[in-house]
>>> print(open('final.txt').read())   # compact mmCIF, C-alpha atoms and all ligand atoms
# COMPACT_ATOMS: atom_id res chain seq x y z
CA MET A 244 111.96 121.93 123.76
CA LYS A 245 109.90 119.36 121.86
CA PRO A 246 111.60 116.96 119.48
CA MET A 247 110.97 116.87 115.75
CA GLY A 248 110.88 114.02 113.26
CA PRO A 249 114.05 112.89 111.50
CA ILE A 250 115.29 114.89 108.48
CA PRO A 251 115.85 112.39 105.63
CA ALA A 252 119.54 111.52 105.69
CA TRP A 253 120.43 112.54 102.12
CA PHE A 254 119.72 116.25 102.63
CA GLY A 255 122.88 118.28 103.05
CA ALA A 256 124.12 121.82 102.57
CA GLU A 257 126.63 123.87 100.64
CA GLU A 258 127.99 126.86 102.54
CA GLY A 259 125.15 126.52 104.99
CA MET A 260 122.41 126.48 102.33
CA LEU A 261 120.15 123.42 102.15
CA VAL A 262 120.60 121.62 98.83
CA ILE A 263 117.60 119.98 97.13
CA GLY A 264 118.18 118.01 93.94
CA GLY A 265 121.61 119.59 93.52
CA CYS A 266 120.35 123.18 93.88
CA GLY A 267 120.47 125.56 96.81
CA ALA A 268 117.12 126.31 98.42
CA ALA A 269 117.42 130.10 97.90
CA SER A 270 118.12 129.74 94.19
CA LEU A 271 115.14 127.40 93.85
CA VAL A 272 112.96 130.10 95.39
CA ASP A 273 114.42 132.60 92.90
CA GLU A 274 113.70 130.21 90.05
CA ALA A 275 110.10 129.68 91.18
CA GLY A 276 109.62 133.40 91.78
CA ASP A 277 108.73 133.45 95.48
CA THR A 278 107.83 131.56 98.62
CA PRO A 279 105.86 129.58 99.76
CA LEU A 280 107.14 126.84 97.51
CA PHE A 281 106.93 123.07 97.29
CA VAL A 282 109.98 121.49 95.65
CA TYR A 283 109.75 117.86 94.52
CA ASP A 284 112.85 115.91 93.50
CA MET A 285 112.01 113.26 90.90
CA ASP A 286 115.35 111.53 91.47
CA ILE A 287 114.26 110.69 95.00
CA VAL A 288 110.97 109.29 93.72
CA ALA A 289 112.81 107.20 91.12
CA ALA A 290 115.13 105.89 93.83
CA ARG A 291 112.09 104.84 95.89
CA VAL A 292 110.65 103.00 92.90
CA ARG A 293 114.00 101.22 92.40
CA ARG A 294 114.06 100.25 96.05
CA PHE A 295 110.57 98.81 95.70
CA ARG A 296 111.46 96.80 92.58
CA GLU A 297 114.63 95.46 94.18
CA ALA A 298 112.81 94.29 97.30
CA MET A 299 109.57 92.97 95.81
CA PRO A 300 108.76 89.96 93.60
CA ASP A 301 109.17 90.78 89.88
CA ALA A 302 105.55 89.91 89.17
CA LEU A 303 104.16 92.39 91.68
CA HIS A 304 102.64 95.51 90.12
CA LEU A 305 103.27 98.90 91.68
CA HIS A 306 100.39 101.37 91.57
CA TYR A 307 100.55 105.03 92.53
CA ALA A 308 97.61 106.45 94.52
CA ILE A 309 97.63 109.87 92.90
CA LYS A 310 95.79 111.65 95.70
CA ALA A 311 99.13 111.74 97.56
CA ASN A 312 100.47 114.23 95.01
CA PRO A 313 98.65 114.97 91.74
CA TYR A 314 100.97 117.81 90.58
CA ALA A 315 100.69 117.47 86.79
CA PRO A 316 104.43 117.47 85.90
CA LEU A 317 105.05 114.85 88.60
CA LEU A 318 102.12 112.69 87.41
CA ALA A 319 103.43 112.78 83.86
CA ARG A 320 106.76 111.44 85.13
CA MET A 321 105.10 108.82 87.34
CA VAL A 322 103.54 107.22 84.25
CA GLY A 323 106.94 105.84 83.31
CA GLN A 324 107.78 104.74 86.85
CA VAL A 325 104.79 102.68 87.98
CA ASP A 326 102.48 100.03 86.52
CA GLY A 327 99.21 101.79 87.21
CA PHE A 328 97.41 104.70 88.86
CA ASP A 329 94.74 104.51 91.52
CA ILE A 330 92.32 107.40 91.37
CA ALA A 331 89.45 108.43 93.61
CA SER A 332 87.38 111.03 91.73
CA GLY A 333 86.34 112.19 88.30
CA GLY A 334 88.84 115.02 88.64
CA GLU A 335 91.64 112.56 89.28
CA LEU A 336 90.42 110.52 86.29
CA ALA A 337 90.97 113.55 84.07
CA MET A 338 94.43 114.12 85.63
CA ALA A 339 95.43 110.47 85.09
CA LEU A 340 94.31 110.52 81.46
CA ASP A 341 96.03 113.89 80.85
CA ALA A 342 99.24 112.50 82.35
CA GLY A 343 99.10 109.71 79.78
CA MET A 344 98.39 106.70 81.98
CA ALA A 345 96.66 103.90 80.05
CA PRO A 346 93.01 103.55 81.15
CA ASN A 347 93.36 99.78 81.46
CA ARG A 348 96.08 100.36 84.07
CA THR A 349 93.96 102.79 86.08
CA SER A 350 91.47 101.91 88.79
CA PHE A 351 88.90 104.14 90.41
CA ALA A 352 88.04 103.64 94.09
CA GLY A 353 86.22 105.90 96.54
CA PRO A 354 82.72 106.14 97.98
CA GLY A 355 80.00 108.26 96.43
CA LYS A 356 80.95 108.14 92.77
CA ARG A 357 78.44 110.26 90.90
CA GLY A 358 76.71 109.16 87.73
CA ASP A 359 78.84 111.46 85.57
CA GLU A 360 82.03 110.11 87.16
CA LEU A 361 80.94 106.50 86.55
CA GLU A 362 80.11 107.37 82.97
CA ALA A 363 83.46 109.05 82.31
CA ALA A 364 85.34 106.13 83.85
CA ILE A 365 83.40 103.42 82.00
CA PHE A 366 83.64 105.35 78.75
CA ALA A 367 87.43 105.66 79.20
CA GLY A 368 87.81 101.96 80.04
CA VAL A 369 89.04 102.48 83.59
CA THR A 370 88.39 99.77 86.21
CA ILE A 371 85.85 100.78 88.83
CA ASN A 372 86.45 99.40 92.31
CA LEU A 373 82.85 99.05 93.45
CA GLU A 374 82.19 100.41 96.90
CA SER A 375 78.66 99.02 97.29
CA GLU A 376 75.91 96.98 95.69
CA GLY A 377 74.15 100.23 94.77
CA GLU A 378 77.23 101.43 92.94
CA GLY A 379 77.32 98.10 91.07
CA ARG A 380 73.72 98.66 89.95
CA ARG A 381 74.43 102.23 88.88
CA ALA A 382 77.59 101.23 87.00
CA LEU A 383 75.72 98.54 85.05
CA ALA A 384 72.93 100.99 84.19
CA VAL A 385 75.41 103.61 82.95
CA ALA A 386 77.32 101.00 80.94
CA ASP A 387 74.12 99.77 79.37
CA ARG A 388 73.08 103.30 78.43
CA ILE A 389 76.39 104.17 76.75
CA GLY A 390 76.84 100.72 75.21
CA LYS A 391 80.17 99.86 76.89
CA ARG A 392 81.14 96.71 78.78
CA PRO A 393 82.29 98.00 82.20
CA ARG A 394 85.50 96.85 83.85
CA LEU A 395 84.46 96.23 87.45
CA ALA A 396 86.34 95.08 90.53
CA VAL A 397 84.91 94.75 94.02
CA ARG A 398 86.44 96.66 96.88
CA VAL A 399 86.21 94.53 100.00
CA ASN A 400 85.92 95.88 103.52
CA PRO A 401 88.14 93.25 105.10
CA ASP A 402 87.23 91.65 108.42
CA PHE A 403 90.68 92.64 109.75
CA ASP A 404 92.73 95.84 109.82
CA LEU A 405 96.37 96.80 109.46
CA LYS A 406 97.59 96.99 113.06
CA GLY A 407 99.28 100.21 114.10
CA SER A 408 98.18 102.21 111.07
CA GLY A 409 98.02 105.97 111.11
CA MET A 410 94.71 105.80 109.28
CA ARG A 411 92.49 102.76 109.45
CA MET A 412 90.45 101.92 106.38
CA GLY A 413 89.22 98.40 107.16
CA GLY A 414 87.94 96.23 110.01
CA GLY A 415 84.53 97.07 111.45
CA ALA A 416 81.83 99.26 109.94
CA LYS A 417 83.30 101.40 107.16
CA PRO A 418 82.08 103.58 104.30
CA PHE A 419 84.73 101.92 102.09
CA GLY A 420 84.07 98.73 100.14
CA VAL A 421 81.56 95.95 100.63
CA ASP A 422 81.68 93.81 103.77
CA ALA A 423 83.65 90.63 103.16
CA ASP A 424 80.61 88.39 103.69
CA ARG A 425 78.73 90.09 100.80
CA ALA A 426 81.62 90.66 98.38
CA ALA A 427 81.43 87.32 96.56
CA ALA A 428 77.70 87.75 95.87
CA LEU A 429 78.33 91.20 94.38
CA ALA A 430 81.15 89.92 92.15
CA ARG A 431 78.95 87.01 90.98
CA ALA A 432 76.07 89.37 90.19
CA MET A 433 78.38 91.62 88.12
CA ILE A 434 79.79 88.66 86.20
CA ASP A 435 76.29 87.32 85.55
CA ALA A 436 75.23 90.75 84.27
CA GLY A 437 78.03 90.58 81.66
CA ALA A 438 80.57 92.94 83.27
CA ASP A 439 84.28 92.47 82.60
CA TRP A 440 85.23 91.42 86.14
CA GLN A 441 88.69 92.64 87.20
CA GLY A 442 89.06 91.11 90.65
CA TRP A 443 89.44 92.42 94.19
CA HIS A 444 90.62 95.60 95.88
CA ILE A 445 91.40 95.06 99.57
CA PHE A 446 92.90 98.05 101.39
CA ALA A 447 93.32 97.60 105.14
CA GLY A 448 95.22 100.69 106.28
CA SER A 449 97.77 103.41 105.73
CA GLN A 450 100.92 105.00 107.24
CA ASN A 451 102.35 101.85 108.83
CA LEU A 452 105.98 101.44 109.91
CA ASP A 453 105.82 97.84 111.14
CA PRO A 454 106.91 95.29 108.51
CA LEU A 455 105.47 92.39 110.50
CA ALA A 456 102.03 94.00 110.66
CA ILE A 457 102.13 94.58 106.89
CA ILE A 458 103.26 90.99 106.25
CA GLU A 459 100.46 89.63 108.44
CA THR A 460 97.87 91.81 106.71
CA GLN A 461 99.07 90.82 103.23
CA ALA A 462 98.83 87.13 104.16
CA ALA A 463 95.30 87.67 105.47
CA THR A 464 94.46 89.65 102.31
CA ILE A 465 95.61 86.85 100.01
CA ALA A 466 93.68 84.28 102.07
CA LEU A 467 90.56 86.46 101.90
CA ALA A 468 90.92 86.95 98.14
CA ALA A 469 91.22 83.18 97.71
CA ARG A 470 88.18 82.47 99.88
CA LEU A 471 86.08 85.04 98.03
CA SER A 472 87.25 83.85 94.61
CA ASP A 473 86.39 80.26 95.51
CA ALA A 474 82.92 81.44 96.49
CA VAL A 475 82.55 83.24 93.15
CA GLY A 476 84.05 80.33 91.24
CA ALA A 477 86.24 82.58 89.06
CA VAL A 478 89.92 83.50 88.92
CA PRO A 479 90.32 87.22 89.70
CA PRO A 480 92.47 88.88 87.00
CA LEU A 481 93.97 91.23 89.61
CA VAL A 482 94.20 91.20 93.38
CA ASN A 483 95.06 94.67 94.70
CA LEU A 484 96.60 94.01 98.10
CA GLY A 485 96.35 97.64 99.28
CA GLY A 486 99.42 99.41 100.56
CA GLY A 487 100.05 101.08 103.86
CA PHE A 488 103.82 101.68 103.63
CA GLY A 489 104.44 104.58 105.99
CA LEU A 490 107.02 107.35 106.43
CA ALA A 491 109.04 108.41 109.47
CA TYR A 492 107.35 111.75 110.11
CA PHE A 493 107.76 112.04 113.85
CA PRO A 494 110.28 111.85 116.70
CA GLY A 495 111.20 108.25 117.42
CA ASP A 496 109.97 106.98 114.03
CA SER A 497 112.37 105.07 111.87
CA GLY A 498 111.84 104.33 108.20
CA LEU A 499 110.00 101.19 107.09
CA ASP A 500 112.28 98.33 106.07
CA ILE A 501 110.48 96.84 103.06
CA ARG A 502 112.91 93.96 102.48
CA PRO A 503 111.18 91.47 104.83
CA ILE A 504 107.88 92.37 103.17
CA GLY A 505 109.36 91.45 99.79
CA VAL A 506 110.70 88.15 101.13
CA ALA A 507 107.32 87.22 102.61
CA LEU A 508 105.46 88.19 99.42
CA ASP A 509 107.90 86.16 97.36
CA SER A 510 107.01 83.00 99.23
CA ALA A 511 103.31 83.92 99.34
CA LEU A 512 103.22 84.29 95.54
CA ASP A 513 105.14 81.03 95.16
CA GLY A 514 102.64 79.11 97.25
CA LEU A 515 99.36 80.65 96.10
CA PRO A 516 96.03 78.88 96.59
CA ASP A 517 94.87 77.22 93.34
CA ILE A 518 92.20 79.79 92.50
CA LEU A 519 94.78 82.63 92.51
CA GLN A 520 97.41 80.87 90.38
CA GLY A 521 96.48 82.89 87.30
CA SER A 522 96.00 86.23 89.08
CA ALA A 523 98.18 89.32 88.96
CA PHE A 524 98.92 91.17 92.22
CA ALA A 525 99.38 94.86 92.90
CA ILE A 526 100.35 97.11 95.78
CA GLU A 527 99.12 100.70 95.78
CA LEU A 528 101.25 103.35 97.44
CA GLY A 529 100.98 107.09 97.82
CA ARG A 530 103.10 108.76 100.49
CA TRP A 531 105.88 106.16 100.51
CA LEU A 532 106.68 106.96 96.87
CA VAL A 533 106.57 110.74 96.94
CA GLY A 534 106.50 112.05 100.52
CA GLU A 535 110.22 112.25 101.18
CA ALA A 536 110.85 113.77 97.77
CA GLY A 537 109.17 117.04 98.75
CA VAL A 538 110.33 120.06 100.76
CA TYR A 539 108.11 123.01 101.63
CA LEU A 540 110.02 126.32 101.71
CA THR A 541 108.51 129.29 103.48
CA ARG A 542 109.99 132.67 104.42
CA VAL A 543 110.18 134.21 107.88
CA ILE A 544 108.10 137.39 107.99
CA ASP A 545 108.34 138.19 111.67
CA VAL A 546 110.04 137.04 114.85
CA LYS A 547 108.17 138.08 118.00
CA VAL A 548 108.08 137.29 121.69
CA SER A 549 105.04 136.68 123.85
CA GLN A 550 105.44 136.01 127.57
CA GLY A 551 108.93 134.71 127.06
CA GLU A 552 108.07 132.42 124.14
CA THR A 553 109.55 133.22 120.71
CA PHE A 554 107.26 132.93 117.70
CA VAL A 555 108.67 132.67 114.19
CA VAL A 556 105.95 133.76 111.77
CA VAL A 557 106.27 132.51 108.19
CA ASP A 558 104.49 133.33 104.94
CA GLY A 559 103.20 129.77 104.57
CA GLY A 560 101.00 127.74 106.87
CA LEU A 561 98.40 125.06 107.22
CA HIS A 562 96.60 126.32 104.11
CA HIS A 563 99.45 124.61 102.18
CA GLN A 564 100.83 122.09 104.64
CA LEU A 565 97.87 121.03 106.76
CA ALA A 566 99.54 117.76 107.72
CA ALA A 567 102.54 119.48 109.33
CA SER A 568 100.13 121.46 111.52
CA GLY A 569 98.81 118.18 112.90
CA ASN A 570 95.33 118.61 111.52
CA PHE A 571 95.29 115.90 108.84
CA GLY A 572 94.60 112.44 110.22
CA THR A 573 96.64 112.60 113.41
CA VAL A 574 95.29 112.49 116.94
CA VAL A 575 98.19 114.19 118.72
CA ARG A 576 100.11 117.12 117.19
CA ARG A 577 103.82 116.30 116.77
CA ASN A 578 106.59 118.13 114.94
CA TYR A 579 107.49 117.31 111.36
CA PRO A 580 111.22 117.57 110.60
CA MET A 581 112.17 121.17 109.78
CA ALA A 582 115.27 123.35 109.44
CA VAL A 583 116.41 126.87 108.69
CA ALA A 584 117.31 126.28 105.04
CA ASN A 585 119.89 129.08 104.86
CA ARG A 586 121.55 128.00 108.11
CA PHE A 587 121.42 124.24 107.56
CA GLY A 588 123.59 122.25 109.94
CA VAL A 589 124.18 125.22 112.27
CA PRO A 590 123.75 124.12 115.92
CA PRO A 591 120.46 125.12 117.54
CA ALA A 592 120.08 128.22 119.69
CA VAL A 593 119.62 127.71 123.43
CA ASP A 594 115.93 128.59 123.44
CA PRO A 595 113.41 126.72 121.30
CA VAL A 596 111.03 128.65 119.03
CA THR A 597 107.50 128.06 117.87
CA VAL A 598 107.02 128.32 114.11
CA VAL A 599 103.56 129.50 113.12
CA GLY A 600 101.94 130.16 109.76
CA CYS A 601 100.36 133.42 108.65
CA LEU A 602 96.77 132.35 109.19
CA CYS A 603 94.77 134.05 111.91
CA THR A 604 93.90 130.83 113.73
CA PRO A 605 95.62 129.12 116.67
CA ILE A 606 95.78 125.79 114.81
CA ASP A 607 98.27 127.21 112.28
CA ARG A 608 101.32 125.87 114.11
CA LEU A 609 104.05 124.28 111.99
CA GLY A 610 106.68 123.66 114.67
CA ASP A 611 106.00 123.60 118.40
CA LYS A 612 108.98 124.61 120.62
CA VAL A 613 111.52 123.33 118.13
CA ALA A 614 115.29 123.63 118.40
CA LEU A 615 116.46 125.75 115.44
CA PRO A 616 119.53 127.92 114.85
CA PRO A 617 118.91 131.62 115.58
CA VAL A 618 116.13 132.74 113.20
CA LYS A 619 115.82 136.18 111.58
CA GLU A 620 113.36 137.93 109.30
CA GLY A 621 113.91 136.85 105.71
CA ASP A 622 115.26 133.40 106.60
CA LEU A 623 113.92 130.37 104.77
CA ILE A 624 112.29 127.61 106.79
CA ALA A 625 112.26 124.14 105.19
CA ILE A 626 109.67 121.56 106.22
CA PHE A 627 110.55 118.06 105.07
CA LEU A 628 108.32 115.13 104.06
CA ALA A 629 106.20 117.58 102.14
CA GLY A 630 105.87 115.57 98.92
CA ALA A 631 102.60 113.88 99.90
CA TYR A 632 99.30 115.35 101.14
CA GLY A 633 100.62 118.90 100.93
CA ALA A 634 99.33 121.39 98.37
CA SER A 635 96.38 119.28 97.23
CA ALA A 636 95.35 118.13 100.72
CA SER A 637 95.31 121.55 102.39
CA PRO A 638 92.61 124.24 102.53
CA THR A 639 94.31 126.64 100.10
CA ALA A 640 91.30 128.95 99.87
CA PHE A 641 91.11 129.50 103.63
CA LEU A 642 91.84 133.16 104.46
CA GLY A 643 92.52 134.21 100.90
CA HIS A 644 96.28 133.81 100.79
CA PRO A 645 97.94 132.87 97.49
CA SER A 646 98.30 129.23 96.48
CA PRO A 647 101.74 127.72 96.95
CA ARG A 648 104.16 127.49 94.07
CA GLU A 649 105.37 124.06 93.02
CA LEU A 650 108.56 123.01 91.26
CA LEU A 651 109.65 119.59 90.00
CA LEU A 652 113.37 118.80 89.81
CA GLY A 653 115.22 115.93 88.21
C1 LIG B 701 94.80 107.13 100.16
C2 LIG B 701 94.84 105.77 99.61
C3 LIG B 701 96.06 105.18 99.27
C4 LIG B 701 97.37 105.86 99.52
O1 LIG B 701 97.68 105.91 100.86
P1 LIG B 701 99.16 106.29 101.34
O2 LIG B 701 99.08 106.23 102.81
O3 LIG B 701 99.48 107.63 100.81
O4 LIG B 701 100.07 105.24 100.76
C5 LIG B 701 96.04 103.94 98.70
N1 LIG B 701 94.89 103.30 98.47
C6 LIG B 701 93.68 103.81 98.80
C7 LIG B 701 92.45 103.06 98.52
C8 LIG B 701 93.62 105.06 99.38
O5 LIG B 701 92.44 105.57 99.72
>>> encode(input="final.txt", output="structure tokens", more="lines below")
Ligand SMILES: *Cc1c(COP(=O)(O)O)cnc(C)c1O
Amino acid sequence: MKPMGPIPAWFGAEEGMLVIGGCGAASLVDEAGDTPLFVYDMDIVAARVRRFREAMPDALHLHYAIKANPYAPLLARMVGQVDGFDIASGGELAMALDAGMAPNRTSFAGPGKRGDELEAAIFAGVTINLESEGEGRRALAVADRIGKRPRLAVRVNPDFDLKGSGMRMGGGAKPFGVDADRAAALARAMIDAGADWQGWHIFAGSQNLDPLAIIETQAATIALAARLSDAVGAVPPLVNLGGGFGLAYFPGDSGLDIRPIGVALDSALDGLPDILQGSAFAIELGRWLVGEAGVYLTRVIDVKVSQGETFVVVDGGLHHQLAASGNFGTVVRRNYPMAVANRFGVPPAVDPVTVVGCLCTPIDRLGDKVALPPVKEGDLIAIFLAGAYGASASPTAFLGHPSPRELLLG
């Protein structure tokens, strides 16, 4: 038997059926028409946002990094929950605008922005987080051609990283942002060229469960923003402190306590260096806001035995839930929390089973030697923490199976 990550505590059952957002899993599948199905509960997202607001300084802006889950009905609801969207492509720009987010509360990061993406963003009045000097030059040229004053911020590749992060995005040579020792010169050049300078974007890492590491990184981020702003000689309108709040996906993980982070930020914002006194501050989060609000439901097609090991074969797989297969940004494959939705809370059978997807590849493994109640054909398997980096972060075209269904509750 191999352990699995913790099932979020609020999930329960009625007569053995997993309940999501007040509805039984099987009736949600009926409502959506079939499996495989992602269900997202907006009430859980709203509760996360409340938790953030309660813990953090009032002045701190909350941005949603929409790549975590860009499902259109969810995005439309997020507009009323957060203070801004962070996007990373021209496609996400269109999604953000369609959802109704104000362009002046949207910022566009990401390497390799094409000319047409820069043009669409500058035309819409979205802030571009510049990833290089070359991108600064191209943005100014586009702005000049279409006769718009561009809103530009500089993304900094910090000279530190967020310790213990699942995915490192700063510290050392990186394709993201401009090295800290060249960032001030780029900001100065943009200001001198007449751009509407928006400040700094400093993102040092992702999927972190250690409040002290996040506190330390935020302090270093504020100090770096102050040093760079002093070098530019201008107050940055916004300092985006990055994010990095992680989720308890795996055995032994426990959820991030954000309260000490709020306390530390409170005193940091109270004692800001002079140059940052007039600045606004933002944190950008993806998975922490939406990850736990999602459940992936997939039906058991076959139960088979090979050399004494039982395989449960489901109609979903890594083409929808790549992360649960261990092939999205993790080094070692570990089990996401999962359950038999129609036998929720039933004690596990003696022998563990391996849950595999329907793709003809050995990497399509959703649960490795997990302890589940006895599983039969037709049962529903629920995989938790499926609200972030699921449908949109998986190779849905691989092997020609249908796309997953999605349903928003609440
Ligand atoms: C992906 C990304 C995020 C969101 O990361 P999460 O781990 O989902 O919170 C935030 N900011 C930037 C710049 C990103 O690339």
>>> residues_around(input="final.txt", residues="stretch 465-468 of chain A", least_positions_apart="4", cutoff="8 Å", atoms="all atoms listed in the file", output="PDB file with C-alpha atoms, keeping the file's coordinate frame")
ATOM      1  CA  PRO A 401      88.140  93.250 105.100  1.00  0.00           C
ATOM      2  CA  TRP A 443      89.440  92.420  94.190  1.00  0.00           C
ATOM      3  CA  GLN A 461      99.070  90.820 103.230  1.00  0.00           C
ATOM      4  CA  SER A 472      87.250  83.850  94.610  1.00  0.00           C
ATOM      5  CA  VAL A 482      94.200  91.200  93.380  1.00  0.00           C
ATOM      6  CA  LEU A 484      96.600  94.010  98.100  1.00  0.00           C
TER       7      LEU A 484
END
>>> closest_residue(input="final.txt", among="A:Phe281, A:Phe254, A:Phe351, A:Phe524", to="A:Pro580", atoms="all atoms listed in the file")
A:Phe254
>>> atom_distance(input="final.txt", atom1="atom CA of A:Val583", atom2="atom CA of A:Pro494")
18.1 Å
>>> residues_around(input="final.txt", residues="stretch 288-299 of chain A", least_positions_apart="5", cutoff="9 Å", atoms="only C-alpha atoms", output="NGL selection string")
:A and (283 or 305 or 321 or 324-325 or 501-506 or 508-509 or 531-536)
>>> residues_near_ligand(input="final.txt", ligand="ligand LIG 701 (chain B)", cutoff="10 Å", atoms="all atoms listed in the file", output="ChimeraX atom specification")
/A:306-312,328-331,350-354,372,398,408-412,419-420,444-451,483-490,526-534,631-632
>>> residues_around(input="final.txt", residues="A:Val478", least_positions_apart="5", cutoff="7 Å", atoms="only C-alpha atoms", output="JSON, numbers by chain")
{"A": [472, 518, 519, 521, 522]}
>>> closest_residue(input="final.txt", among="A:Val262, A:Ala319, A:Ala363, A:Ala640", to="A:Met285", atoms="all atoms listed in the file")
A:Ala319
>>> residues_near_point(input="final.txt", point="(113.5, 114.7, 87.7)", cutoff="6 Å", atoms="only C-alpha atoms", output="MDAnalysis selection string")
chainID A and resid 284:286 652:653
>>> write_last_selection(input="final.txt", atoms="C-alpha atoms", output="PDB file, keeping the file's coordinate frame")
ATOM      1  CA  ASP A 284     112.850 115.910  93.500  1.00  0.00           C
ATOM      2  CA  MET A 285     112.010 113.260  90.900  1.00  0.00           C
ATOM      3  CA  ASP A 286     115.350 111.530  91.470  1.00  0.00           C
ATOM      4  CA  LEU A 652     113.370 118.800  89.810  1.00  0.00           C
ATOM      5  CA  GLY A 653     115.220 115.930  88.210  1.00  0.00           C
TER       6      GLY A 653
END
>>> residues_near_point(input="final.txt", point="(106.8, 137.9, 108.3)", cutoff="9 Å", atoms="all atoms listed in the file", output="PDB file with C-alpha atoms, in the frame of the given file")
ATOM      1  CA  ARG A 542     109.990 132.670 104.420  1.00  0.00           C
ATOM      2  CA  VAL A 543     110.180 134.210 107.880  1.00  0.00           C
ATOM      3  CA  ILE A 544     108.100 137.390 107.990  1.00  0.00           C
ATOM      4  CA  ASP A 545     108.340 138.190 111.670  1.00  0.00           C
ATOM      5  CA  VAL A 546     110.040 137.040 114.850  1.00  0.00           C
ATOM      6  CA  VAL A 555     108.670 132.670 114.190  1.00  0.00           C
ATOM      7  CA  VAL A 556     105.950 133.760 111.770  1.00  0.00           C
ATOM      8  CA  VAL A 557     106.270 132.510 108.190  1.00  0.00           C
ATOM      9  CA  ASP A 558     104.490 133.330 104.940  1.00  0.00           C
ATOM     10  CA  CYS A 601     100.360 133.420 108.650  1.00  0.00           C
ATOM     11  CA  GLU A 620     113.360 137.930 109.300  1.00  0.00           C
ATOM     12  CA  GLY A 621     113.910 136.850 105.710  1.00  0.00           C
TER      13      GLY A 621
END
>>> atom_distance(input="final.txt", atom1="atom CA of A:Phe366", atom2="atom CA of A:Lys417")
28.7 Å
>>> closest_residue(input="final.txt", among="A:Leu455, A:Val399, A:Ile287, A:Ala525", to="A:Ala427", atoms="all atoms listed in the file")
A:Val399
>>> atom_distance(input="final.txt", atom1="atom CA of A:Leu602", atom2="atom CA of A:Leu565")
11.6 Å
